[in-house]
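Structure data (compact mmCIF, C-alpha atoms) from protein20.txt:
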# COMPACT_ATOMS: atom_id res chain seq x y z
CA MET U 1 -29.30 27.19 -21.40
CA ARG U 2 -26.22 28.94 -22.82
CA THR U 3 -27.95 32.35 -22.69
CA ILE U 4 -28.93 31.89 -19.04
CA LEU U 5 -25.38 30.89 -18.14
CA GLU U 6 -23.91 33.88 -19.94
CA VAL U 7 -26.25 36.23 -18.04
CA GLN U 8 -25.34 34.58 -14.73
CA LYS U 9 -21.63 34.88 -15.51
CA GLN U 10 -22.05 38.62 -15.99
CA LEU U 11 -24.28 39.28 -12.99
CA LEU U 12 -22.97 36.64 -10.58
CA PRO U 13 -19.42 35.70 -11.61
CA ASP U 14 -18.57 34.52 -8.08
CA LEU U 15 -21.55 32.16 -8.14
CA MET U 16 -20.18 30.48 -11.29
CA ASP U 17 -16.82 29.91 -9.60
CA VAL U 18 -18.51 28.36 -6.57
CA LEU U 19 -20.66 26.14 -8.79
CA LYS U 20 -17.61 24.94 -10.72
CA LYS U 21 -15.71 24.18 -7.52
CA ARG U 22 -18.55 22.25 -5.84
CA TYR U 23 -19.39 20.36 -9.01
CA THR U 24 -15.75 19.30 -9.37
CA ILE U 25 -15.54 18.15 -5.74
CA LEU U 26 -18.77 16.15 -6.02
CA HIS U 27 -17.72 14.71 -9.37
CA GLN U 28 -14.33 13.51 -8.10
CA ILE U 29 -15.91 11.91 -5.05
CA MET U 30 -18.26 10.03 -7.39
CA LEU U 31 -15.37 8.79 -9.55
CA SER U 32 -13.39 7.69 -6.49
CA ASP U 33 -16.13 5.54 -4.94
CA VAL U 34 -14.63 6.29 -1.50
CA ILE U 35 -11.91 8.88 -0.89
CA GLY U 36 -10.26 10.55 2.10
CA ARG U 37 -10.29 14.31 2.55
CA ARG U 38 -6.49 14.64 2.38
CA THR U 39 -6.25 12.63 -0.84
CA LEU U 40 -8.99 14.69 -2.46
CA ALA U 41 -7.45 17.96 -1.29
CA ASN U 42 -4.09 17.00 -2.80
CA SER U 43 -5.65 15.95 -6.13
CA MET U 44 -7.55 19.24 -6.34
CA GLN U 45 -4.61 21.33 -5.12
CA MET U 46 -6.78 22.71 -2.34
CA THR U 47 -6.08 23.09 1.38
CA GLU U 48 -7.79 20.63 3.70
CA ARG U 49 -9.38 23.50 5.59
CA VAL U 50 -11.08 24.89 2.48
CA LEU U 51 -12.11 21.42 1.32
CA ARG U 52 -13.55 20.58 4.75
CA ALA U 53 -15.87 23.60 4.58
CA GLU U 54 -17.10 22.55 1.13
CA THR U 55 -17.59 18.87 1.98
CA ASP U 56 -19.37 19.74 5.24
CA LEU U 57 -21.84 21.78 3.17
CA LEU U 58 -22.28 18.94 0.65
CA LYS U 59 -22.91 16.54 3.53
CA ALA U 60 -25.46 18.90 5.09
CA GLN U 61 -27.27 18.97 1.73
CA GLY U 62 -27.37 15.17 1.67
CA LEU U 63 -25.16 14.97 -1.41
CA ILE U 64 -22.29 13.00 0.14
CA GLU U 65 -21.83 10.62 3.05
CA ILE U 66 -18.80 10.73 5.36
CA ASP U 67 -17.64 7.93 7.65
CA SER U 68 -14.36 6.48 8.94
CA ALA U 69 -13.53 5.01 5.50
CA GLY U 70 -13.81 8.38 3.78
CA MET U 71 -16.30 10.28 1.64
CA LYS U 72 -18.68 8.78 -0.91
CA ILE U 73 -21.46 10.18 -3.01
CA SER U 74 -25.08 9.67 -1.98
CA GLU U 75 -27.90 8.73 -4.32
CA ALA U 76 -29.11 12.35 -4.21
CA GLY U 77 -25.61 13.55 -5.11
CA TYR U 78 -25.38 11.13 -8.03
CA ASN U 79 -28.77 12.25 -9.34
CA LEU U 80 -27.76 15.89 -9.04
CA LEU U 81 -24.56 15.27 -11.02
CA GLN U 82 -26.57 13.62 -13.78
CA GLN U 83 -28.87 16.66 -13.96
CA LEU U 84 -25.92 19.08 -13.91
CA GLU U 85 -23.86 17.37 -16.62
CA PRO U 86 -25.13 19.52 -19.53
CA VAL U 87 -24.71 22.66 -17.42
CA ALA U 88 -21.19 21.64 -16.41
CA LYS U 89 -20.16 21.18 -20.05
CA GLU U 90 -21.21 24.76 -20.73
CA LEU U 91 -19.53 26.04 -17.57
CA PHE U 92 -16.20 24.42 -18.40
CA GLY U 93 -16.40 25.27 -22.11
CA LEU U 94 -16.48 21.60 -23.10
CA SER U 95 -19.58 21.91 -25.31
CA GLU U 96 -17.80 24.36 -27.58
CA LEU U 97 -14.78 22.07 -27.90
CA GLU U 98 -17.07 19.14 -28.72
CA GLU U 99 -18.94 21.05 -31.41
CA ARG U 100 -15.81 22.41 -33.08
CA ILE U 101 -14.17 19.00 -33.37
CA LYS U 102 -17.43 17.36 -34.44
CA GLN U 103 -17.96 19.87 -37.25
CA ALA U 104 -14.33 19.85 -38.39
CA TYR U 105 -14.25 16.07 -38.88
CA GLY U 106 -17.90 15.26 -39.61
CA LEU U 107 -18.24 13.01 -36.57
CA GLN U 108 -21.54 11.67 -35.25
CA LYS U 109 -20.66 12.57 -31.68
CA VAL U 110 -17.79 14.02 -29.65
CA VAL U 111 -17.59 13.76 -25.87
CA VAL U 112 -15.02 15.85 -24.00
CA VAL U 113 -14.55 15.10 -20.29
CA PRO U 114 -12.87 17.50 -17.83
CA GLY U 115 -9.19 17.24 -16.95
CA ASP U 116 -5.97 15.75 -18.26
CA SER U 117 -5.52 11.98 -18.14
CA ASP U 118 -1.74 12.40 -18.14
CA VAL U 119 -1.84 13.77 -14.61
CA SER U 120 -5.23 12.77 -13.18
CA PRO U 121 -6.48 9.21 -12.65
CA TYR U 122 -9.93 10.73 -12.19
CA ALA U 123 -9.89 12.06 -15.75
CA LYS U 124 -9.03 8.61 -17.08
CA ARG U 125 -11.83 7.08 -15.04
CA GLU U 126 -14.23 9.66 -16.45
CA LEU U 127 -13.06 8.75 -19.97
CA GLY U 128 -13.95 5.16 -19.17
CA ARG U 129 -17.36 6.16 -17.84
CA ALA U 130 -18.08 8.26 -20.96
CA GLY U 131 -16.89 5.44 -23.22
CA ALA U 132 -19.08 2.91 -21.42
CA LYS U 133 -22.08 5.23 -21.69
CA ALA U 134 -21.51 5.77 -25.43
CA LEU U 135 -21.07 2.06 -26.08
CA SER U 136 -24.17 1.09 -24.08
CA SER U 137 -26.27 3.64 -25.97
CA ILE U 138 -25.57 2.09 -29.40
CA MET U 139 -25.38 -1.65 -28.68
CA ASN U 140 -28.19 -3.78 -30.02
CA ASP U 141 -28.95 -7.43 -29.39
CA ASN U 142 -26.91 -9.75 -31.65
CA ASP U 143 -24.20 -7.12 -32.24
CA VAL U 144 -20.55 -8.10 -32.49
CA VAL U 145 -18.30 -5.59 -30.71
CA ALA U 146 -14.54 -5.61 -31.34
CA VAL U 147 -12.26 -4.01 -28.76
CA THR U 148 -8.55 -3.22 -28.75
CA GLY U 149 -6.23 -3.41 -25.77
CA GLY U 150 -4.90 -0.56 -23.65
CA SER U 151 -5.42 1.08 -20.27
CA THR U 152 -8.22 3.40 -21.43
CA THR U 153 -10.33 0.68 -23.05
CA ALA U 154 -9.73 -1.40 -19.91
CA GLU U 155 -11.26 1.49 -17.93
CA VAL U 156 -14.30 1.41 -20.27
CA ALA U 157 -14.75 -2.26 -19.40
CA GLU U 158 -14.64 -1.50 -15.66
CA GLN U 159 -17.29 1.22 -16.01
CA LEU U 160 -19.66 -0.77 -18.26
CA THR U 161 -23.01 -1.32 -16.54
CA PRO U 162 -25.83 -1.39 -19.12
CA PRO U 163 -29.43 -1.17 -17.90
CA THR U 164 -30.35 -4.56 -19.38
CA SER U 165 -28.54 -7.82 -20.08
CA MET U 166 -27.10 -8.10 -23.60
CA LYS U 167 -27.23 -11.89 -23.98
CA GLY U 168 -27.15 -11.80 -27.76
CA VAL U 169 -24.08 -9.55 -28.00
CA TRP U 170 -20.61 -10.93 -28.74
CA PHE U 171 -17.43 -9.20 -27.55
CA VAL U 172 -14.23 -10.07 -29.39
CA PRO U 173 -10.65 -8.78 -29.42
CA ALA U 174 -9.88 -6.66 -32.47
CA ARG U 175 -6.55 -8.47 -32.81
CA GLY U 176 -4.17 -10.75 -30.93
CA GLY U 177 -2.37 -9.32 -27.97
CA LEU U 178 -0.49 -11.92 -25.97
CA GLY U 179 2.68 -10.40 -24.56
CA GLU U 180 1.17 -7.23 -23.09
CA SER U 181 0.23 -6.91 -19.42
CA LEU U 182 -2.70 -9.25 -18.85
CA GLU U 183 -5.10 -6.58 -17.55
CA ILE U 184 -4.80 -4.42 -20.69
CA GLN U 185 -4.85 -7.18 -23.30
CA ALA U 186 -7.73 -7.08 -25.77
CA ASN U 187 -8.73 -10.62 -24.76
CA THR U 188 -9.04 -9.64 -21.10
CA ILE U 189 -11.01 -6.49 -21.90
CA ALA U 190 -13.40 -8.33 -24.24
CA SER U 191 -14.13 -10.98 -21.61
CA THR U 192 -14.62 -8.33 -18.87
CA MET U 193 -17.07 -6.39 -21.06
CA ALA U 194 -19.00 -9.57 -21.77
CA LYS U 195 -19.21 -10.54 -18.11
CA ARG U 196 -20.36 -7.06 -17.06
CA THR U 197 -23.12 -7.00 -19.68
CA GLY U 198 -24.25 -10.63 -19.56
CA ALA U 199 -23.01 -11.05 -23.13
CA GLN U 200 -20.89 -13.71 -24.85
CA TYR U 201 -17.27 -13.57 -25.94
CA LYS U 202 -14.61 -15.34 -27.95
CA LEU U 203 -10.87 -14.91 -27.51
CA LEU U 204 -7.97 -14.83 -29.97
CA HIS U 205 -4.97 -16.52 -28.35
CA VAL U 206 -2.21 -15.34 -30.64
CA PRO U 207 0.65 -12.84 -30.22
CA ASP U 208 0.18 -9.24 -31.30
CA LEU U 209 3.22 -9.36 -33.59
CA LEU U 210 3.86 -12.38 -35.82
CA SER U 211 6.64 -13.59 -38.08
CA ASP U 212 5.73 -14.45 -41.68
CA HIS U 213 5.99 -18.17 -40.89
CA ALA U 214 3.82 -17.93 -37.76
CA TYR U 215 1.22 -15.86 -39.61
CA GLU U 216 0.93 -18.35 -42.47
CA SER U 217 0.66 -21.23 -40.02
CA LEU U 218 -1.96 -19.64 -37.76
CA ILE U 219 -4.13 -18.31 -40.59
CA GLN U 220 -4.73 -21.92 -41.66
CA ASP U 221 -5.89 -23.06 -38.24
CA PRO U 222 -9.69 -23.77 -38.21
CA GLY U 223 -10.12 -22.34 -34.71
CA VAL U 224 -8.35 -19.13 -35.65
CA GLN U 225 -10.37 -18.87 -38.87
CA GLU U 226 -13.60 -19.19 -36.87
CA ILE U 227 -12.79 -16.33 -34.49
CA LEU U 228 -11.44 -14.17 -37.35
CA GLN U 229 -14.72 -14.61 -39.21
CA LEU U 230 -16.61 -13.41 -36.13
CA ILE U 231 -14.24 -10.46 -35.59
CA ARG U 232 -14.73 -9.35 -39.19
CA GLN U 233 -18.51 -9.32 -38.70
CA SER U 234 -18.21 -6.61 -36.02
CA ARG U 235 -20.76 -3.83 -36.24
CA ILE U 236 -19.02 -1.76 -33.55
CA VAL U 237 -15.34 -1.31 -32.79
CA ILE U 238 -14.03 0.58 -29.76
CA HIS U 239 -10.35 1.36 -29.75
CA GLY U 240 -7.66 3.31 -27.98
CA ILE U 241 -5.12 5.58 -29.65
CA GLY U 242 -1.42 5.44 -28.86
CA ASP U 243 1.69 7.48 -29.54
CA ALA U 244 3.54 5.73 -32.39
CA VAL U 245 7.02 5.49 -30.89
CA GLU U 246 5.75 4.71 -27.39
CA MET U 247 3.61 1.85 -28.74
CA ALA U 248 6.47 0.53 -30.89
CA LYS U 249 8.73 0.39 -27.85
CA ARG U 250 6.01 -1.22 -25.74
CA ARG U 251 5.67 -3.93 -28.38
CA LYS U 252 9.45 -4.34 -28.42
CA LEU U 253 9.78 -3.65 -32.13
CA ALA U 254 13.33 -3.80 -33.51
CA PRO U 255 15.32 -0.54 -33.15
CA GLU U 256 15.64 -0.26 -36.93
CA ILE U 257 11.85 -0.37 -37.30
CA ILE U 258 11.44 2.33 -34.66
CA ASP U 259 14.01 4.45 -36.53
CA GLU U 260 12.06 3.86 -39.75
CA LEU U 261 8.80 4.91 -38.07
CA GLN U 262 10.40 8.15 -36.93
CA GLU U 263 11.84 8.82 -40.40
CA GLN U 264 8.37 8.30 -41.92
CA GLY U 265 6.84 10.75 -39.46
CA ALA U 266 4.71 8.18 -37.60
CA VAL U 267 2.62 9.95 -34.97
CA SER U 268 -0.07 7.50 -33.88
CA GLU U 269 -0.89 3.81 -33.63
CA SER U 270 -4.27 2.15 -33.67
CA PHE U 271 -5.54 -1.30 -34.77
CA GLY U 272 -1.90 -2.32 -35.36
CA TYR U 273 -1.45 0.43 -37.98
CA TYR U 274 0.91 3.39 -37.68
CA PHE U 275 -0.22 6.77 -39.07
CA ASN U 276 1.66 9.97 -39.87
CA GLY U 277 0.42 13.46 -39.03
CA GLN U 278 -1.79 13.52 -42.15
CA GLY U 279 -3.55 10.30 -41.17
CA GLU U 280 -1.76 8.15 -43.76
CA VAL U 281 -0.68 4.59 -42.96
CA VAL U 282 3.12 4.44 -42.89
CA HIS U 283 3.61 1.02 -41.28
CA THR U 284 1.49 -2.08 -40.81
CA MET U 285 2.13 -4.79 -38.23
CA LEU U 286 1.75 -8.38 -39.33
CA THR U 287 -1.01 -9.38 -36.95
CA LEU U 288 -4.21 -11.40 -36.93
CA GLY U 289 -7.46 -9.56 -36.44
CA MET U 290 -9.26 -6.59 -37.91
CA ARG U 291 -7.92 -5.12 -41.15
CA LEU U 292 -8.51 -1.62 -42.48
CA GLN U 293 -11.17 -2.91 -44.87
CA ASP U 294 -12.98 -4.51 -41.91
CA ILE U 295 -12.89 -1.23 -39.98
CA GLU U 296 -14.28 0.63 -42.99
CA ARG U 297 -17.22 -1.81 -43.12
CA THR U 298 -18.23 -1.39 -39.47
CA ASP U 299 -21.23 0.79 -38.65
CA VAL U 300 -19.70 2.59 -35.65
CA VAL U 301 -16.07 3.23 -34.75
CA ILE U 302 -15.52 4.65 -31.26
CA GLY U 303 -12.11 6.17 -30.56
CA ILE U 304 -11.17 6.88 -26.97
CA ALA U 305 -7.99 8.45 -25.59
CA GLY U 306 -6.87 11.27 -23.36
CA GLY U 307 -4.01 13.37 -22.13
CA LYS U 308 -2.23 16.36 -23.62
CA SER U 309 0.58 14.02 -24.68
CA LYS U 310 -1.87 12.06 -26.87
CA ALA U 311 -3.29 15.10 -28.70
CA ALA U 312 -1.08 14.78 -31.81
CA ALA U 313 -1.84 11.04 -32.03
CA ILE U 314 -5.59 11.62 -31.70
CA HIS U 315 -5.45 14.35 -34.35
CA SER U 316 -3.59 11.97 -36.67
CA VAL U 317 -6.24 9.25 -36.32
CA LEU U 318 -9.00 11.82 -36.88
CA ARG U 319 -7.38 12.73 -40.19
CA PHE U 320 -7.44 9.04 -41.13
CA GLY U 321 -11.18 9.60 -41.23
CA GLN U 322 -12.85 6.44 -39.93
CA GLU U 323 -14.03 7.66 -36.51
CA ASP U 324 -17.75 8.06 -35.80
CA ILE U 325 -17.67 8.75 -32.06
CA LEU U 326 -14.71 10.37 -30.32
CA ILE U 327 -14.23 10.45 -26.55
CA ILE U 328 -11.30 12.53 -25.28
CA ASP U 329 -10.39 14.72 -22.36
CA GLU U 330 -10.22 18.49 -22.09
CA ALA U 331 -6.41 18.70 -22.32
CA ALA U 332 -6.29 16.77 -25.61
CA ALA U 333 -9.31 18.63 -27.03
CA GLU U 334 -7.76 22.05 -26.40
CA VAL U 335 -4.59 21.11 -28.30
CA ILE U 336 -6.57 19.60 -31.19
CA VAL U 337 -8.74 22.72 -31.54
CA ALA U 338 -5.66 24.97 -31.39
CA ASP U 339 -4.04 22.90 -34.16
CA MET U 340 -7.17 23.34 -36.29
CA GLU U 341 -6.86 27.14 -36.25
Just give me the structure as structure tokens.
Amino acid sequence: MRTILEVQKQLLPDLMDVLKKRYTILHQIMLSDVIGRRTLANSMQMTERVLRAETDLLKAQGLIEIDSAGMKISEAGYNLLQQLEPVAKELFGLSELEERIKQAYGLQKVVVVPGDSDVSPYAKRELGRAGAKALSSIMNDNDVVAVTGGSTTAEVAEQLTPPTSMKGVWFVPARGGLGESLEIQANTIASTMAKRTGAQYKLLHVPDLLSDHAYESLIQDPGVQEILQLIRQSRIVIHGIGDAVEMAKRRKLAPEIIDELQEQGAVSESFGYYFNGQGEVVHTMLTLGMRLQDIERTDVVIGIAGGKSKAAAIHSVLRFGQEDILIIDEAAAEVIVADME
């Protein structure tokens, strides 16, 4: 496949540009469900006149449908995108990024999606779709899947549509999370994933950050002990990756703790742990849920994050060394690969 593409690039460079453009248009229409021409033109930084010519051609080929509500992908268009996905990764140079990161960190799998989640909602949606696909491909009946909170893992939940019901699977929050926005709490995401897959779920109704007294009190509660036992049996964990200082502020940590994190060189946060640029734990939140030893015992750890602004944080968590599957976007991947050189 790569050889054929290289030959085509040399003989028909214009054809490659056209293929990239039409693939991107079709792909964004798919991610949008329904979208207007003006909105799509703005997101692609393309004039409406040029976009109209392209979408009229796609409609004539039966790849999209256009009505008063906007444009949506047809079944034929969806099938074509599925067939083109490996080709598109080569065209956009994503396969090379995936392989370099995979080899550098000994990962089972790396998926790089086009775009930059910092500026494109479509890129974040594609991260969610890739995360859902990766998760569905490894889930077995009777698995326990732990999930952290965050906007990207919430997008995974929205995109999760496995081919068969997973009645024996349990979804659980990786830790407490009351206090965050409801839609991105781990409890909400775990229950959404369960409902979309026909699975079961248990929730952990405790705050993300606890005082010593509250921790000692809650850890003795039989109901909390029961859910913690289930969480610590997780075979799979899927988690987001955050910038250390941004996450500390979002959790309303004391200013002196934030200052301490900065002094210690904290770069990333995941699972309630803060890591420096070398992947070393520099701060631990007192929280109920998965511990590092639990994460190390799981069979598959899926990390998912995107955006150029998250690249340093993702690189930090990679150096921690517990990831098995990594799902990131093109903008983050390019920075990570550049940092490796």
Checklist entry - Which one of U:Ala41, U:Ile184, U:Leu127, U:Ile327 sits closest to Lys102 in chain U if you count all atoms listed in the file? => result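 Among the listed residues, U:Ile327 lies closest to Lys102 in chain U.
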Checklist entry - Which is closer to Thr298 in chain U than all the others in U:Ile231, U:Ala199, U:Met16, U:Ala331, using all atoms listed in the file? => result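 Under the stated criterion, the closest residue is U:Ile231.
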Next on the checklist: Rounded to one decimal, what separation in Å do you get between CA of Ser191 in chain U and CA of Tyr122 in chain U?
Outcome noted: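 Distance between the two atoms: 24.0 Å.
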Item to check | range 280-290 of chain U environment, 7 Å, all atoms listed in the file, sequence neighbours closer than 6 positions dropped, as JSON, numbers by chain | outcome: {"U": [174, 175, 176, 208, 209, 210, 228, 231, 232, 264, 266, 272, 273, 274, 320]}
Item to check | Which residue of U:Glu296, U:Ser165, U:Ser268, U:Ala248 approaches His315 in chain U most closely, using all atoms listed in the file | outcome: U:Ser268
Next on the checklist: Can you measure CA of Val145 in chain U to CA of Met193 in chain U for me? One decimal in Å is fine.
Outcome noted: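 According to the coordinates, CA of Val145 in chain U and CA of Met193 in chain U are separated by 9.8 Å.
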Next on the checklist: Nearest residue to Asp299 in chain U out of U:Gln108, U:Gln185, U:Gln220, U:Gln103, using all atoms listed in the file?
Outcome noted: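 Of U:Gln108, U:Gln185, U:Gln220, U:Gln103, the one nearest Asp299 in chain U, counting all atoms listed in the file, is U:Gln108.
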Selection: 9 Å around Gly198 in chain U, all atoms listed in the file, excl. self and same-chain fewer than 2 positions, as a PDB file with C-alpha atoms, in the coordinates of the input:
ATOM      1  CA  THR U 164     -30.350  -4.560 -19.380  1.00  0.00           C
ATOM      2  CA  SER U 165     -28.540  -7.820 -20.080  1.00  0.00           C
ATOM      3  CA  MET U 166     -27.100  -8.100 -23.600  1.00  0.00           C
ATOM      4  CA  LYS U 167     -27.230 -11.890 -23.980  1.00  0.00           C
ATOM      5  CA  GLY U 168     -27.150 -11.800 -27.760  1.00  0.00           C
ATOM      6  CA  VAL U 169     -24.080  -9.550 -28.000  1.00  0.00           C
ATOM      7  CA  MET U 193     -17.070  -6.390 -21.060  1.00  0.00           C
ATOM      8  CA  ALA U 194     -19.000  -9.570 -21.770  1.00  0.00           C
ATOM      9  CA  LYS U 195     -19.210 -10.540 -18.110  1.00  0.00           C
ATOM     10  CA  ARG U 196     -20.360  -7.060 -17.060  1.00  0.00           C
ATOM     11  CA  GLN U 200     -20.890 -13.710 -24.850  1.00  0.00           C
TER      12      GLN U 200
END
Once 4 Å is added on each side, what centre and edge lengths in Å to one decimal does the axis-aligned box around all listed atoms of range 222-239 of chain U have, as AutoDock Vina command-line options?
--center_x -14.6 --center_y -11.2 --center_z -34.5 --size_x 20.4 --size_y 33.1 --size_z 17.5
Item to check | Which residue of U:Val267, U:Val300, U:Val119, U:Leu107 approaches Met139 in chain U most closely, using all atoms listed in the file | outcome: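 Ranking U:Val267, U:Val300, U:Val119, U:Leu107 by distance to Met139 in chain U, first place goes to U:Val300.
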Checklist entry - Counting only C-alpha atoms, which of U:His239, U:Arg38, U:Lys59, U:Lys133 gets nearest to Pro163 in chain U? => result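 Comparing U:His239, U:Arg38, U:Lys59, U:Lys133 against Pro163 in chain U, the winner is U:Lys133.
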